[in-house]
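Source file: data-v6.tsv (TSV, C-alpha atoms)
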chain	number	residue	atom	x	y	z
A	277	MET	CA	0.00	0.00	0.00
A	278	ALA	CA	2.81	2.38	-0.81
A	279	ARG	CA	1.67	5.86	-1.64
A	280	SER	CA	1.64	6.96	-5.23
A	281	ASN	CA	3.91	9.67	-6.51
A	282	ALA	CA	0.85	11.86	-6.85
A	283	ALA	CA	-0.05	11.39	-3.19
A	284	ARG	CA	3.54	12.07	-2.19
A	285	LYS	CA	3.73	15.23	-4.22
A	286	ALA	CA	0.40	16.52	-2.96
A	287	GLY	CA	1.40	15.78	0.62
A	288	GLN	CA	4.83	17.29	0.58
A	289	GLY	CA	4.43	20.06	-1.96
A	290	GLY	CA	7.82	19.06	-3.36
A	291	GLY	CA	8.71	17.58	-6.72
A	292	GLU	CA	10.63	18.71	-9.75
A	293	ALA	CA	9.44	21.51	-11.89
A	294	ALA	CA	12.04	21.27	-14.56
A	295	ARG	CA	9.68	22.13	-17.34
A	296	LEU	CA	9.06	25.63	-16.13
A	297	THR	CA	11.36	28.49	-15.32
A	298	ALA	CA	10.45	31.84	-13.85
A	299	HIS	CA	9.10	34.16	-16.48
A	300	PRO	CA	10.18	37.80	-16.31
A	301	GLY	CA	6.72	39.01	-17.23
A	302	GLY	CA	5.15	37.10	-14.34
A	303	ARG	CA	3.01	35.01	-16.70
A	304	SER	CA	3.65	31.33	-17.12
A	305	PRO	CA	4.70	30.30	-20.59
A	306	LEU	CA	3.24	26.89	-19.81
A	307	ALA	CA	-0.34	27.99	-19.26
A	308	PRO	CA	-1.50	26.45	-22.57
A	309	GLU	CA	-0.13	23.06	-21.42
A	310	LEU	CA	-2.51	22.87	-18.48
A	311	ASP	CA	-4.59	19.73	-18.64
A	312	ARG	CA	-8.07	21.24	-18.83
A	313	LEU	CA	-9.65	17.85	-18.38
A	314	ILE	CA	-8.18	17.53	-14.89
A	315	HIS	CA	-8.42	21.20	-14.01
A	316	GLU	CA	-12.17	20.97	-13.47
A	317	ARG	CA	-12.79	20.57	-9.74
A	318	LEU	CA	-14.91	17.44	-9.65
A	319	ARG	CA	-12.69	15.60	-12.14
A	320	LEU	CA	-9.64	16.64	-10.12
A	321	ALA	CA	-11.33	15.32	-6.98
A	322	ILE	CA	-12.19	11.99	-8.65
A	323	LEU	CA	-8.58	11.45	-9.73
A	324	SER	CA	-7.24	12.51	-6.32
A	325	ALA	CA	-9.54	10.10	-4.49
A	326	LEU	CA	-8.67	7.23	-6.82
A	327	ALA	CA	-4.95	7.98	-6.43
A	328	VAL	CA	-5.06	6.76	-2.82
A	329	ASN	CA	-7.47	3.84	-3.30
A	330	ASP	CA	-7.19	0.78	-5.51
A	331	THR	CA	-10.84	1.13	-6.51
A	332	LEU	CA	-13.84	3.18	-5.44
A	333	SER	CA	-17.45	2.44	-6.26
A	334	PHE	CA	-19.77	5.01	-7.79
A	335	ASN	CA	-21.60	5.39	-4.48
A	336	GLU	CA	-18.39	5.72	-2.50
A	337	LEU	CA	-17.21	8.48	-4.82
A	338	LYS	CA	-20.60	10.18	-4.69
A	339	SER	CA	-20.62	10.14	-0.90
A	340	LEU	CA	-17.00	11.22	-0.58
A	341	LEU	CA	-17.28	14.09	-3.03
A	342	GLU	CA	-20.83	15.03	-1.99
A	343	THR	CA	-22.11	15.39	-5.46
A	344	THR	CA	-25.12	14.18	-7.45
A	345	ASP	CA	-25.48	11.02	-9.54
A	346	GLY	CA	-25.76	13.01	-12.75
A	347	ASN	CA	-22.81	15.27	-12.05
A	348	LEU	CA	-20.53	12.40	-11.06
A	349	SER	CA	-21.66	10.30	-13.97
A	350	VAL	CA	-20.93	13.02	-16.53
A	351	HIS	CA	-17.48	13.84	-15.20
A	352	ALA	CA	-16.48	10.22	-14.63
A	353	ARG	CA	-17.48	9.48	-18.23
A	354	LYS	CA	-15.17	12.23	-19.49
A	355	LEU	CA	-12.28	10.80	-17.50
A	356	GLU	CA	-13.12	7.34	-18.80
A	357	GLU	CA	-13.16	8.57	-22.40
A	358	ALA	CA	-9.71	10.07	-21.87
A	359	ARG	CA	-8.62	6.69	-20.40
A	360	TYR	CA	-7.67	8.38	-17.15
A	361	VAL	CA	-9.97	6.05	-15.22
A	362	ALA	CA	-11.22	2.55	-15.94
A	363	CYS	CA	-14.78	1.58	-15.11
A	364	THR	CA	-15.97	-1.93	-14.22
A	365	LYS	CA	-19.66	-2.77	-14.00
A	366	SER	CA	-20.84	-5.84	-12.12
A	367	PHE	CA	-23.70	-7.13	-9.99
A	368	ALA	CA	-23.56	-7.74	-6.24
A	369	ASN	CA	-26.70	-9.50	-4.96
A	370	ARG	CA	-28.52	-8.41	-8.13
A	371	ILE	CA	-27.64	-4.79	-7.45
A	372	PRO	CA	-25.54	-3.13	-10.15
A	373	ARG	CA	-22.16	-1.97	-8.93
A	374	THR	CA	-19.88	0.41	-10.80
A	375	GLU	CA	-16.26	0.59	-9.75
A	376	TYR	CA	-13.61	3.01	-10.87
A	377	ARG	CA	-9.85	2.76	-10.75
A	378	LEU	CA	-7.10	5.10	-11.83
A	379	THR	CA	-5.21	3.98	-14.94
A	380	GLY	CA	-1.50	4.47	-15.52
A	381	THR	CA	-2.33	7.25	-17.95
A	382	GLY	CA	-4.53	8.93	-15.35
A	383	ARG	CA	-1.86	8.66	-12.67
A	384	LYS	CA	0.72	10.23	-14.96
A	385	ALA	CA	-1.71	12.98	-15.92
A	386	LEU	CA	-2.34	13.77	-12.23
A	387	GLU	CA	1.41	13.84	-11.57
A	388	ARG	CA	1.94	16.15	-14.54
A	389	TYR	CA	-0.82	18.41	-13.24
A	390	LEU	CA	0.80	18.53	-9.79
A	391	ASP	CA	4.17	19.29	-11.39
A	392	HIS	CA	2.52	22.08	-13.30
A	393	MET	CA	0.98	23.60	-10.18
A	394	GLU	CA	4.29	23.36	-8.30
A	395	ALA	CA	6.08	24.94	-11.22
A	396	LEU	CA	3.69	27.89	-11.20
A	397	ILE	CA	4.37	28.41	-7.49
A	398	ARG	CA	8.13	28.16	-7.98
A	399	ALA	CA	8.02	30.57	-10.89
A	400	ALA	CA	6.16	33.12	-8.78
A	401	ARG	CA	8.72	32.79	-5.97
A	402	GLY	CA	11.43	33.47	-8.51
B	89	MET	CA	-20.29	17.77	10.98
B	90	PRO	CA	-18.03	17.36	7.96
B	91	GLU	CA	-16.66	20.48	6.41
B	92	PRO	CA	-18.39	21.47	3.17
B	93	ARG	CA	-16.81	20.06	0.03
B	94	ARG	CA	-16.06	22.35	-2.85
B	95	THR	CA	-16.19	20.21	-5.91
B	96	GLU	CA	-18.24	22.46	-8.13
B	97	PRO	CA	-16.55	24.25	-11.02
B	98	ARG	CA	-15.53	27.76	-10.17
B	99	GLN	CA	-15.05	30.76	-12.33
B	100	PRO	CA	-11.44	31.93	-12.39
B	101	SER	CA	-11.13	35.23	-10.63
B	102	PRO	CA	-8.84	37.83	-12.17
B	103	ASP	CA	-8.04	39.12	-8.65
B	104	ILE	CA	-6.32	35.89	-7.53
B	105	PRO	CA	-2.73	35.49	-8.73
B	106	LEU	CA	-1.99	32.38	-10.75
B	107	HIS	CA	0.42	30.93	-8.18
B	108	ASP	CA	-2.14	31.35	-5.38
B	109	ARG	CA	-4.65	29.41	-7.43
B	110	ALA	CA	-2.01	26.74	-8.04
B	111	ALA	CA	-1.34	26.49	-4.28
B	112	GLU	CA	-5.07	26.24	-3.62
B	113	ASN	CA	-5.37	23.46	-6.19
B	114	ILE	CA	-2.60	21.50	-4.48
B	115	ARG	CA	-4.32	21.97	-1.12
B	116	PHE	CA	-7.57	20.75	-2.68
B	117	ILE	CA	-5.87	17.62	-4.05
B	118	ARG	CA	-4.19	16.91	-0.70
B	119	ASP	CA	-7.45	17.40	1.25
B	120	THR	CA	-9.33	15.11	-1.12
B	121	MET	CA	-6.64	12.44	-0.81
B	122	GLU	CA	-6.70	12.67	2.98
B	123	ARG	CA	-10.49	12.37	3.07
B	124	ALA	CA	-10.44	9.43	0.67
B	125	GLY	CA	-7.42	7.71	2.16
B	126	GLN	CA	-7.60	4.70	4.44
B	127	PHE	CA	-5.54	4.40	7.58
B	128	THR	CA	-2.99	1.89	6.35
B	129	ALA	CA	-0.52	1.89	9.24
B	130	VAL	CA	-2.17	-0.93	11.22
B	131	PRO	CA	0.91	-3.06	11.90
B	132	GLY	CA	0.84	-6.71	10.83
B	133	TRP	CA	4.17	-7.91	12.18
B	134	GLY	CA	3.68	-5.72	15.24
B	135	GLY	CA	0.40	-7.57	15.81
B	136	VAL	CA	2.19	-10.90	15.56
B	137	LEU	CA	4.67	-9.80	18.21
B	138	MET	CA	1.84	-8.51	20.42
B	139	GLY	CA	0.18	-11.90	20.02
B	140	ALA	CA	3.33	-13.75	21.02
B	141	THR	CA	3.75	-11.70	24.20
B	142	ALA	CA	0.04	-12.19	24.99
B	143	LEU	CA	0.42	-15.97	24.75
B	144	ALA	CA	3.36	-15.79	27.14
B	145	ALA	CA	1.37	-13.52	29.46
B	146	ALA	CA	-1.60	-15.91	29.43
B	147	ALA	CA	0.65	-18.81	30.45
B	148	LEU	CA	2.26	-16.70	33.19
B	149	ALA	CA	-1.03	-15.29	34.45
B	150	ALA	CA	-2.64	-18.72	34.71
B	151	GLY	CA	0.08	-19.77	37.16
B	152	GLN	CA	-0.11	-16.76	39.46
B	153	PRO	CA	-0.96	-17.49	43.10
B	154	SER	CA	-3.21	-14.45	43.67
B	155	VAL	CA	-5.72	-12.38	41.78
B	156	ASP	CA	-3.60	-9.26	42.27
B	157	ARG	CA	-0.58	-10.96	40.70
B	158	TRP	CA	-2.80	-12.19	37.86
B	159	LEU	CA	-3.97	-8.65	37.22
B	160	LEU	CA	-0.42	-7.31	37.44
B	161	THR	CA	0.71	-9.82	34.79
B	162	TRP	CA	-1.97	-8.72	32.35
B	163	PHE	CA	-1.41	-5.08	33.23
B	164	ALA	CA	2.27	-5.44	32.31
B	165	GLU	CA	1.30	-7.26	29.11
B	166	GLY	CA	-1.11	-4.44	28.25
B	167	TRP	CA	1.62	-1.82	28.47
B	168	LEU	CA	4.10	-4.01	26.60
B	169	ALA	CA	1.59	-4.60	23.79
B	170	PHE	CA	0.79	-0.88	23.71
B	171	ALA	CA	4.49	-0.09	23.29
B	172	ILE	CA	5.00	-2.76	20.62
B	173	GLY	CA	1.91	-1.64	18.70
B	174	GLY	CA	2.89	2.03	18.93
B	175	VAL	CA	6.44	1.49	17.70
B	176	ALA	CA	5.30	-0.85	14.92
B	177	MET	CA	2.65	1.62	13.78
B	178	VAL	CA	5.10	4.53	13.69
B	179	ARG	CA	7.60	2.43	11.71
B	180	LYS	CA	5.01	1.19	9.23
B	181	ALA	CA	3.62	4.69	8.75
B	182	ALA	CA	7.14	5.99	8.10
B	183	ARG	CA	7.82	3.22	5.60
B	184	LEU	CA	4.54	3.87	3.74
B	185	GLU	CA	5.06	7.63	3.98
B	186	THR	CA	1.63	8.10	5.54
B	187	PRO	CA	1.86	10.59	8.41
B	188	LEU	CA	0.11	9.35	11.55
B	189	THR	CA	-0.99	12.90	12.24
B	190	GLY	CA	-2.85	13.14	8.92
B	191	LYS	CA	-6.64	13.04	8.79
B	192	PRO	CA	-6.92	9.23	8.38
B	193	GLY	CA	-4.63	8.70	11.40
B	194	ARG	CA	-6.51	11.20	13.55
B	195	ARG	CA	-9.89	9.69	12.61
B	196	PHE	CA	-8.58	6.20	13.38
B	197	LEU	CA	-7.38	7.34	16.81
B	198	LEU	CA	-10.68	9.09	17.57
B	199	ALA	CA	-12.59	5.92	16.75
B	200	TYR	CA	-10.17	3.50	18.45
B	201	ALA	CA	-9.36	5.30	21.70
B	202	PRO	CA	-12.78	5.77	23.42
B	203	PRO	CA	-13.60	2.03	23.85
B	204	ILE	CA	-10.04	1.46	25.14
B	205	LEU	CA	-10.48	4.24	27.70
B	206	VAL	CA	-13.85	2.78	28.70
B	207	GLY	CA	-12.10	-0.57	29.20
B	208	ALA	CA	-9.52	1.05	31.48
B	209	VAL	CA	-12.19	2.77	33.58
B	210	LEU	CA	-14.28	-0.42	33.84
B	211	THR	CA	-11.16	-2.36	34.87
B	212	LEU	CA	-10.63	0.01	37.78
B	213	ALA	CA	-14.30	-0.16	38.76
B	214	LEU	CA	-14.46	-3.97	38.58
B	215	TYR	CA	-11.20	-4.30	40.53
B	216	ARG	CA	-12.57	-2.09	43.29
B	217	SER	CA	-15.83	-4.01	43.42
B	218	GLY	CA	-14.05	-7.37	43.39
B	219	SER	CA	-15.73	-8.53	40.16
B	220	MET	CA	-12.48	-9.68	38.61
B	221	ALA	CA	-14.09	-12.60	36.76
B	222	LEU	CA	-15.66	-10.12	34.38
B	223	LEU	CA	-12.34	-8.58	33.34
B	224	PRO	CA	-11.52	-10.93	30.40
B	225	ALA	CA	-14.93	-10.22	28.86
B	226	VAL	CA	-14.58	-6.46	29.38
B	227	TRP	CA	-11.06	-6.37	27.90
B	228	LEU	CA	-11.99	-8.43	24.86
B	229	LEU	CA	-15.23	-6.52	24.23
B	230	CYS	CA	-13.71	-3.07	24.65
B	231	TYR	CA	-10.60	-3.85	22.60
B	232	GLY	CA	-12.75	-5.46	19.92
B	233	ALA	CA	-15.05	-2.43	19.83
B	234	GLY	CA	-12.02	-0.12	19.45
B	235	VAL	CA	-10.48	-2.21	16.68
B	236	MET	CA	-13.81	-2.51	14.90
B	237	ALA	CA	-14.53	1.22	15.10
B	238	GLY	CA	-11.01	2.23	14.06
B	239	GLY	CA	-10.96	-0.52	11.47
B	240	ALA	CA	-13.93	0.99	9.69
B	241	LEU	CA	-11.43	3.61	8.50
B	242	SER	CA	-8.77	1.07	7.59
B	243	VAL	CA	-8.41	-2.01	5.41
B	244	PRO	CA	-11.47	-4.35	5.56
B	245	VAL	CA	-9.75	-7.11	7.55
B	246	VAL	CA	-9.26	-4.86	10.61
B	247	PRO	CA	-12.96	-4.58	11.55
B	248	VAL	CA	-13.25	-8.35	11.03
B	249	MET	CA	-10.48	-8.78	13.61
B	250	GLY	CA	-12.41	-6.44	15.94
B	251	GLY	CA	-15.49	-8.60	15.47
B	252	CYS	CA	-13.55	-11.73	16.47
B	253	PHE	CA	-12.39	-10.05	19.68
B	254	MET	CA	-15.98	-9.05	20.47
B	255	ALA	CA	-17.23	-12.59	19.82
B	256	LEU	CA	-14.60	-13.92	22.22
B	257	GLY	CA	-15.69	-11.25	24.71
B	258	VAL	CA	-19.28	-12.47	24.54
B	259	ALA	CA	-18.05	-16.03	25.03
B	260	ALA	CA	-16.04	-14.89	28.07
B	261	LEU	CA	-19.19	-13.40	29.61
B	262	PHE	CA	-20.88	-16.78	29.68
B	263	ALA	CA	-17.86	-19.04	30.15
B	264	PRO	CA	-16.68	-20.18	33.60
B	265	PRO	CA	-14.03	-17.90	35.17
B	266	SER	CA	-11.38	-20.58	34.71
B	267	ALA	CA	-11.69	-20.14	30.91
B	268	GLY	CA	-10.72	-16.45	31.13
B	269	ASP	CA	-7.02	-16.92	30.40
B	270	TRP	CA	-7.77	-19.30	27.54
B	271	LEU	CA	-10.09	-16.79	25.91
B	272	LEU	CA	-7.61	-13.95	26.47
B	273	ALA	CA	-4.91	-16.11	24.89
B	274	ALA	CA	-7.19	-16.90	21.94
B	275	GLY	CA	-7.95	-13.20	21.39
B	276	PHE	CA	-4.89	-11.19	22.31
B	277	GLY	CA	-2.62	-14.07	21.32
B	278	GLY	CA	-4.22	-16.11	18.53
B	279	ALA	CA	-6.25	-13.40	16.79
B	280	HIS	CA	-3.36	-10.94	16.88
B	281	ILE	CA	-1.01	-13.51	15.36
B	282	GLY	CA	-3.45	-14.80	12.73
B	283	PHE	CA	-4.71	-11.41	11.56
B	284	GLY	CA	-1.23	-9.92	11.96
B	285	ILE	CA	0.24	-12.41	9.47
B	286	TYR	CA	-2.62	-11.70	7.05
B	287	ILE	CA	-2.18	-7.91	7.35
B	288	ALA	CA	1.60	-8.19	7.04
B	289	ARG	CA	1.36	-10.27	3.87
B	290	ARG	CA	-1.52	-8.44	2.20
B	291	HIS	CA	-1.12	-4.88	3.44
B	292	GLY	CA	2.53	-3.96	3.48
B	293	GLY	CA	4.04	-5.31	6.69
Show me the file's structure as structure tokens.
Amino acid sequence: MARSNAARKAGQGGGEAARLTAHPGGRSPLAPELDRLIHERLRLAILSALAVNDTLSFNELKSLLETTDGNLSVHARKLEEARYVACTKSFANRIPRTEYRLTGTGRKALERYLDHMEALIRAARG
Amino acid sequence: MPEPRRTEPRQPSPDIPLHDRAAENIRFIRDTMERAGQFTAVPGWGGVLMGATALAAAALAAGQPSVDRWLLTWFAEGWLAFAIGGVAMVRKAARLETPLTGKPGRRFLLAYAPPILVGAVLTLALYRSGSMALLPAVWLLCYGAGVMAGGALSVPVVPVMGGCFMALGVAALFAPPSAGDWLLAAGFGGAHIGFGIYIARRHGG
């Protein structure tokens, strides 16, 4: 149950930010690289929650993130289409169960996003 | 009352500098991970060691000539197990890089500690009233309740272990007093060793 790099980076606020250097004008030259898919709050929350759990069911995610069925469903579908999360549907005692897990692509995307955020902070500190 | 979650999309404000928004995003990710994270530092090998000392304590306690000496033996075992469990938990948390003072650790402690404190208070009360035969049941029930409550925030096998302790506690309530040490050995010894090996193998040590 070792923590993922993403969890480590989020917890410590460390990590390399080699792709960004301080910009004299105060604006980040990397702003266009920001992963807009992750930047949305609920999608960011879904990836963050899955980064520290092997799998989470639809209901667990809904309860944890305090959101609605429709909202979660829409955003989880977008992450699934981008192959950031994988979805498994099954039945438990005749009740449908939907489980999500973070894919390798999703984990790397979250790490890149964290690197990006850290780089912005470092750039501002100069 | 849980703090309100902010998962809705927000409009970027031109008044907030970019780096402040980046820092807030990192805080949001960290908070979400802490809320979603399980308490994974329940020590498996530490549990095995606690079980081994409990078996030794049960054998020693059974041969004590007086009730006070019997209680002293288990009292010493309690503190020894507490120390072993504490050290093992700190070491496992360090190895997994999961701070014990993070939200999962604090929630685990808040769930685990109250039944243990109740057990300590009841021990004192039963000792003073001379109802020592009830102590094995109280210890097993209170410890089981603590493990089960704390285990709800940890890996699924931990609450199962708590349930086993509680079942042994119920058995101790109805068993003859002479079975007390056997049931304590089965719980604090056998259950700790069995579940400890499982946790160590399946959940990182």
| request: Enumerate, as an MDAnalysis selection string, the protein, DNA and RNA residues whose atoms approach (-11.8, -18.4, 22.9) to within 8 Å, taking into account only C-alpha atoms and the coordinate frame of the file. | output: chainID B and resid 256 259:260 270:275
| said: I'd like the interatomic distance between atom CA of Val130 of chain B and atom CA of Lys191 of chain B, to a tenth of an Å. | reply: 14.9 Å
| For Ala129 of chain B: contacts at 8 Å, all atoms listed in the file, fewer than 4 positions along chain excluded, given as a VMD selection string | chain B and resid 177 to 178 180 to 181 184 186 188
| said: Using Å and a single decimal, report how far atom CA of Gln152 of chain B sits from atom CA of Ala233 of chain B. | reply: 28.5 Å
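Coordinates place atom CA of Ala225 of chain B at a distance of 8.9 Å from atom CA of Phe262 of chain B.
If only C-alpha atoms are the atoms counted, then among B:Val248, B:Ala288, B:Ala267, B:Ala171 the closest residue to chain A is B:Ala288.
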| message | Need the shell around segment 350-355 of chain A: protein/DNA/RNA residues with any atom at most 8 Å away, counting only C-alpha atoms. Skip same-chain ones fewer than 6 positions apart. Format as a list in words? | response |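 My reading of the contact set: Leu313, Leu318, Arg319, Ile322 and Val361 of chain A.
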| query | Between A:Ala325, A:Ile314, A:Gly346, A:Asp391, which has the minimum distance to chain B (counting all atoms listed in the file)? | reply |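 Among the listed residues, A:Ala325 lies closest to chain B.
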Do a neighbour search on Leu143 of chain B at 8 Å with only C-alpha atoms, toss out local chain neighbours closer than 2 positions, and write the hits as a tab-separated table (two decimals) with C-alpha atoms, in the coordinates of the input.
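Result saved to result-v7.tsv:
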chain	number	residue	atom	x	y	z
B	139	GLY	CA	0.18	-11.90	20.02
B	140	ALA	CA	3.33	-13.75	21.02
B	141	THR	CA	3.75	-11.70	24.20
B	145	ALA	CA	1.37	-13.52	29.46
B	146	ALA	CA	-1.60	-15.91	29.43
B	147	ALA	CA	0.65	-18.81	30.45
B	273	ALA	CA	-4.91	-16.11	24.89
B	276	PHE	CA	-4.89	-11.19	22.31
B	277	GLY	CA	-2.62	-14.07	21.32
B	278	GLY	CA	-4.22	-16.11	18.53
| Minimum-distance residue to chain B, chosen among A:Arg377, A:Arg370, A:Lys365, A:His392 (using only C-alpha atoms) |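 Selected residue with least distance to chain B: A:His392.
Taking only C-alpha atoms into account, those protein, DNA and RNA residues with any atom at most 12 Å away from (-15.7, 3.5, -3.2) amount to Ile322, Ala325, Leu326, Val328, Asn329, Asp330, Thr331, Leu332, Ser333, Phe334, Asn335, Glu336, Leu337, Lys338, Ser339, Leu340, Leu341, Arg373, Thr374, Glu375, Tyr376 and Arg377 of chain A; Ala124, Gly125 and Gln126 of chain B.
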| task | Identify which of the residues B:His280, B:His107, B:Arg194, B:Arg123 lies closest to Gly402 of chain A, counting only C-alpha atoms when measuring atom-to-atom distances. | result |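 When distances to Gly402 of chain A are compared using only C-alpha atoms, the smallest one comes from B:His107.
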| message | Show me, as a list of chain:residue names, the residues that have an atom within 8 Å of Thr211 of chain B when counting only C-alpha atoms, minus same-chain residues fewer than 4 positions from it. | response |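 Counting only the stated atoms, we get B:Gly207, B:Tyr215, B:Leu223, B:Val226.
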| Which of these, B:Val246, B:Ile287, B:Leu160, B:Val155, has the shortest distance to chain A once you count only C-alpha atoms? |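 Among B:Val246, B:Ile287, B:Leu160, B:Val155, it is B:Ile287 that comes nearest to chain A.
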| field | Pick from A:Ile371, A:Leu310, A:Ala327, A:Ala358, whichever lies nearest to chain B using all atoms listed in the file | value | A:Ala327
| request: Within 8 Å of Leu229 of chain B, counting only C-alpha atoms, which residues show up once you throw out same-chain ones fewer than 6 positions away? Write them as a list in words, please. | output: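 Surrounding residues, per the criterion: Phe253, Met254, Ala255, Leu256, Gly257 and Val258 of chain B.
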Complete segment 147-160 of chain B at the level of N, CA and C atoms, written as a compact mmCIF listing (two decimals), in the coordinates of the input.
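Saved result, out-v7.txt, follows:
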# COMPACT_ATOMS: atom_id res chain seq x y z
N ALA B 147 0.05 -17.67 29.75
CA ALA B 147 0.65 -18.81 30.45
C ALA B 147 1.13 -18.39 31.84
N LEU B 148 1.76 -17.21 31.90
CA LEU B 148 2.26 -16.70 33.19
C LEU B 148 1.11 -16.40 34.14
N ALA B 149 0.09 -15.72 33.60
CA ALA B 149 -1.03 -15.29 34.45
C ALA B 149 -1.77 -16.49 35.05
N ALA B 150 -1.90 -17.53 34.24
CA ALA B 150 -2.64 -18.72 34.71
C ALA B 150 -1.96 -19.36 35.92
N GLY B 151 -0.64 -19.16 36.05
CA GLY B 151 0.08 -19.77 37.16
C GLY B 151 0.28 -18.87 38.35
N GLN B 152 -0.32 -17.69 38.35
CA GLN B 152 -0.11 -16.76 39.46
C GLN B 152 -0.90 -17.19 40.69
N PRO B 153 -0.31 -17.01 41.88
CA PRO B 153 -0.96 -17.49 43.10
C PRO B 153 -2.10 -16.60 43.58
N SER B 154 -2.15 -15.34 43.16
CA SER B 154 -3.21 -14.45 43.67
C SER B 154 -3.83 -13.67 42.52
N VAL B 155 -5.01 -13.17 42.79
CA VAL B 155 -5.72 -12.38 41.78
C VAL B 155 -4.96 -11.09 41.46
N ASP B 156 -4.37 -10.49 42.50
CA ASP B 156 -3.60 -9.26 42.27
C ASP B 156 -2.42 -9.51 41.35
N ARG B 157 -1.74 -10.63 41.55
CA ARG B 157 -0.58 -10.96 40.70
C ARG B 157 -1.05 -11.26 39.27
N TRP B 158 -2.21 -11.89 39.18
CA TRP B 158 -2.80 -12.19 37.86
C TRP B 158 -3.06 -10.88 37.11
N LEU B 159 -3.66 -9.94 37.84
CA LEU B 159 -3.97 -8.65 37.22
C LEU B 159 -2.69 -7.91 36.83
N LEU B 160 -1.70 -7.99 37.71
CA LEU B 160 -0.42 -7.31 37.44
C LEU B 160 0.23 -7.88 36.17
